[in-house]
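Undergrad: The structure follows.
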Amino acid sequence: MASSNRSLLVLPGDGIGPEVMNEVRKVIAWMGKKRAVGFDIAEDLVGGSSLDAHDTPLTDAAMAKALQADAVLFGSVGGPKWDTADFTKKPERGLLRLRKEMDLFANLRPAKVFDALVDASSLKPEIVRGLDIMIIRELTSGVYFGEPRGIVDLPDGQRMGFDTQRYTSGEIRRVCAVAFELARKRKNKVCSSEKANVMHTGVLWRQEATKLHAESYKDVTLEHMYADALAMQLVRWPHQFDVIVTDNLFGDILSDEASMLTGSLGMLPSASLGAPDATGRRKALYEPIHGSAPDIAGKGLANPIAETLSYAMMLRYSFDLGTEADIVEKAIENVLAAGYRTGDILGGGIDAKAAIAKGLKPVGTQEMGDAIVKELDRMV
Ligand code: IPM
Ligand code: MG
């Protein structure tokens, strides 16, 4: 393929990461062939696989490649094999280093319910049908990175573990700005979430969100909700939300919860974006919100849709290829409508036999990838 001016670093990582990435490669190849959307692709190790090969979850060389690339497509990291690794060498540290050094402060986690999957959610169909919310999680600060942190011995013989939750006004404002901007292109509503009732960071978060709103985004509806109440409202009546903006830890938890509205963690992509530079280009990393799923890794059972949707988000946000992103998303929608299901989206408690009786097509990772490419061929 001719060299393109788009550079992409692929980091498949551990567990199901490499398997789902293989399916995305098929879609990448299709895009190159059929729509002339090519990439200069570099690849490297991250997480446990990097730890095994290089004794670090991310080498400086891989970090440098990520900083240079127009976009990074990430799989997943971690697994029981590395559970006992030193804290600073845990597979997850590789991902956290990428987020921090690329300064990817805005993590966009859409939770969109495909019509065909309304029954795969553990919630009632009328609660989730047509749902489309966007969680924006602050990704480079808060308790994930705050200092001091550690585990120390106390004089009385006990041990004490501690982490620091911290936010500056600038960190809060820049992620809230992303939320307001995005809301303007959607239903124009932002729900900002923290625990201002018990945490100083929460008090500051609420004040800064309110101030920024009054200064520059009065046209957007802003509401505030404590994170615990939001967790409850998300399953009670999720349709009340459009854009949710929240801190690193609450965002981690709430986005996992939101994934269940859509039927499976295997369905949700994410985009992690930095600030635009002088040319308007943002550093960016795209990853499914699911983890490495060691229990099913290597068995061909993983759902490649979240990774494929992450690639679609990359087309949209890093390369302004909205039409191509739409095509990929539509192909996935059609494949689901045609009944293709990996195990995670079969629907609660249904086995393959019962699924077939219902007209569904239980498939593995590769068959799902092939079905998506075949549908792309049919559509275009
Ligand atoms: C996520 C994951 C990560 C996180 C882990 C793998 C470090 O759970 O992206 O949501 O906690 O941020
Ligand atoms: Mg998480």
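Labeling convention for the structure tokens: chains A, B, ... as they appear, residues from 1 per chain, ligands from 1 in order of appearance.
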Applying 12 Å and only C-alpha atoms, which residues near region 203-219 of chain A remain after dropping the ones on its own chain fewer than 2 positions away? List them as an NGL selection string.
TA: :A and (138 or 142 or 166-184 or 187-201 or 221-227 or 245-247)
Undergrad: Residues within 9 Å of ligand 1, counting only C-alpha atoms and all ligand atoms: report them as a list of chain:residue names.
TA: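 Selection of residues at most 9 Å from ligand 1: A:Ser76, A:Val77, A:Gly78, A:Pro91, A:Glu92, A:Arg93, A:Gly94, A:Leu95, A:Leu96, A:Leu139, A:Tyr144, A:Asn248, A:Leu249, A:Gly251, A:Asp252, A:Ile253, A:Ser255, A:Asp256, A:Ser270, A:Glu287, A:Pro288, A:Ile289, A:His290, A:Gly291, A:Ser292.
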Undergrad: To test your reading of the structure, identify every residue in region 167-359 of chain A that backbone DSSP assigns to strand (DSSP E), and report it as a ChimeraX atom specification.
TA: /A:189-194,221-226,243-246,269-276,282-288,340-341
Undergrad: Would you mind reading off the distance between CA of Ala312 (chain A) and CA of Ala325 (chain A), one decimal, in Å?
TA: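 These atoms are spaced 4.6 Å apart.
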Undergrad: Pick out the closest residue to Tyr317 (chain A) from this set: A:Asp351, A:Asp156, A:Asp370, A:Asp70. Count only C-alpha atoms.
TA: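 Ranking A:Asp351, A:Asp156, A:Asp370, A:Asp70 by distance to Tyr317 (chain A), first place goes to A:Asp70.
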Undergrad: Could you tell me which of A:Pro269, A:Gly339, A:Gly369, A:Gly48 comes closest to ligand 2 if we count only C-alpha atoms and all ligand atoms?
TA: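 Looking only at the distances to ligand 2, the closest residue turns out to be A:Pro269.
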Undergrad: So which residues of region 121-296 of chain A fall under helix (DSSP H, G or I) by DSSP, listed as number ranges by chain?
TA: A: 125-128, 142-144, 169-184, 200-216, 227-236, 238-240, 248-261, 265-267
Undergrad: Can you tell me which residues surround region 257-268 of chain A at a distance of at most 8 Å, considering only C-alpha atoms, apart from same-chain residues fewer than 2 positions away, and format the answer as a ChimeraX atom specification?
TA: /A:109-114,117-123,128,231,234-235,253-255,270,288-290,302-307,309-310,344-345,347
Undergrad: For ligand 2, which residue out of A:Glu329, A:Arg159, A:Asn107, A:Glu324 is the nearest one, using only C-alpha atoms and all ligand atoms?
TA: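 Of the candidates, the smallest distance to ligand 2 is held by A:Asn107.
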Undergrad: Can you tell me which residues surround Ser318 (chain A) at a distance of at most 7 Å, considering only C-alpha atoms, apart from same-chain residues fewer than 3 positions away, and format the answer as a PDB file with C-alpha atoms, in the first residue's frame?
TA:
```
ATOM      1  CA  ALA A  71      -3.054   8.219  16.838  1.00  0.00           C
ATOM      2  CA  MET A 314     -10.222   7.254  15.630  1.00  0.00           C
ATOM      3  CA  LEU A 315     -11.368   7.866  12.057  1.00  0.00           C
TER       4      LEU A 315
END
```
Undergrad: With a distance cut-off of 6 Å and only C-alpha atoms, select the neighbouring residues of Thr164 (chain A), excluding the residue or stretch itself and same-chain residues fewer than 5 positions from it, and output the selection as a list of chain:residue names.
TA: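 Returned residues: A:Val143, A:Gly146, A:Glu147.
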Undergrad: Restrict the selected residues to C-alpha atoms and save them as a JSON list (two decimals), in the first residue's frame.
TA:
```
[["chain", "number", "residue", "atom", "x", "y", "z"],
["A", 143, "VAL", "CA", -6.45, 9.75, 42.69],
["A", 146, "GLY", "CA", -1.97, 12.22, 43.02],
["A", 147, "GLU", "CA", 1.06, 12.33, 45.29]]
```
Undergrad: Considering only C-alpha atoms, return as a VMD selection string whatever protein or nucleic-acid residues lie within 6 Å of Pro57 (chain A), sequence-local ones (same chain, fewer than 4 positions apart) excluded.
TA: chain A and resid 46 to 47 50 to 51 89 91 94
Undergrad: Write to file, as a short mmCIF file (atom, residue, chain, number, x, y, z; two decimals), in the first residue's frame, the residues of the selection just made, with N, CA and C atoms.
TA:
```
data_model
loop_
_atom_site.label_atom_id
_atom_site.label_comp_id
_atom_site.auth_asym_id
_atom_site.auth_seq_id
_atom_site.Cartn_x
_atom_site.Cartn_y
_atom_site.Cartn_z
N VAL A 46 2.97 -3.59 24.89
CA VAL A 46 2.60 -2.83 26.08
C VAL A 46 2.05 -3.82 27.11
N GLY A 47 2.19 -3.47 28.38
CA GLY A 47 1.63 -4.30 29.44
C GLY A 47 2.48 -5.51 29.76
N SER A 50 5.08 -6.66 27.23
CA SER A 50 6.28 -5.84 27.25
C SER A 50 7.14 -6.16 28.47
N LEU A 51 6.46 -6.41 29.58
CA LEU A 51 7.17 -6.78 30.81
C LEU A 51 7.97 -8.06 30.59
N LYS A 89 5.75 -1.97 38.04
CA LYS A 89 5.89 -2.71 36.78
C LYS A 89 4.60 -3.38 36.34
N PRO A 91 1.30 -4.33 34.51
CA PRO A 91 0.92 -4.04 33.12
C PRO A 91 0.16 -2.73 32.97
N GLY A 94 1.78 0.63 32.16
CA GLY A 94 2.10 0.98 30.77
C GLY A 94 1.03 1.89 30.18
#
```
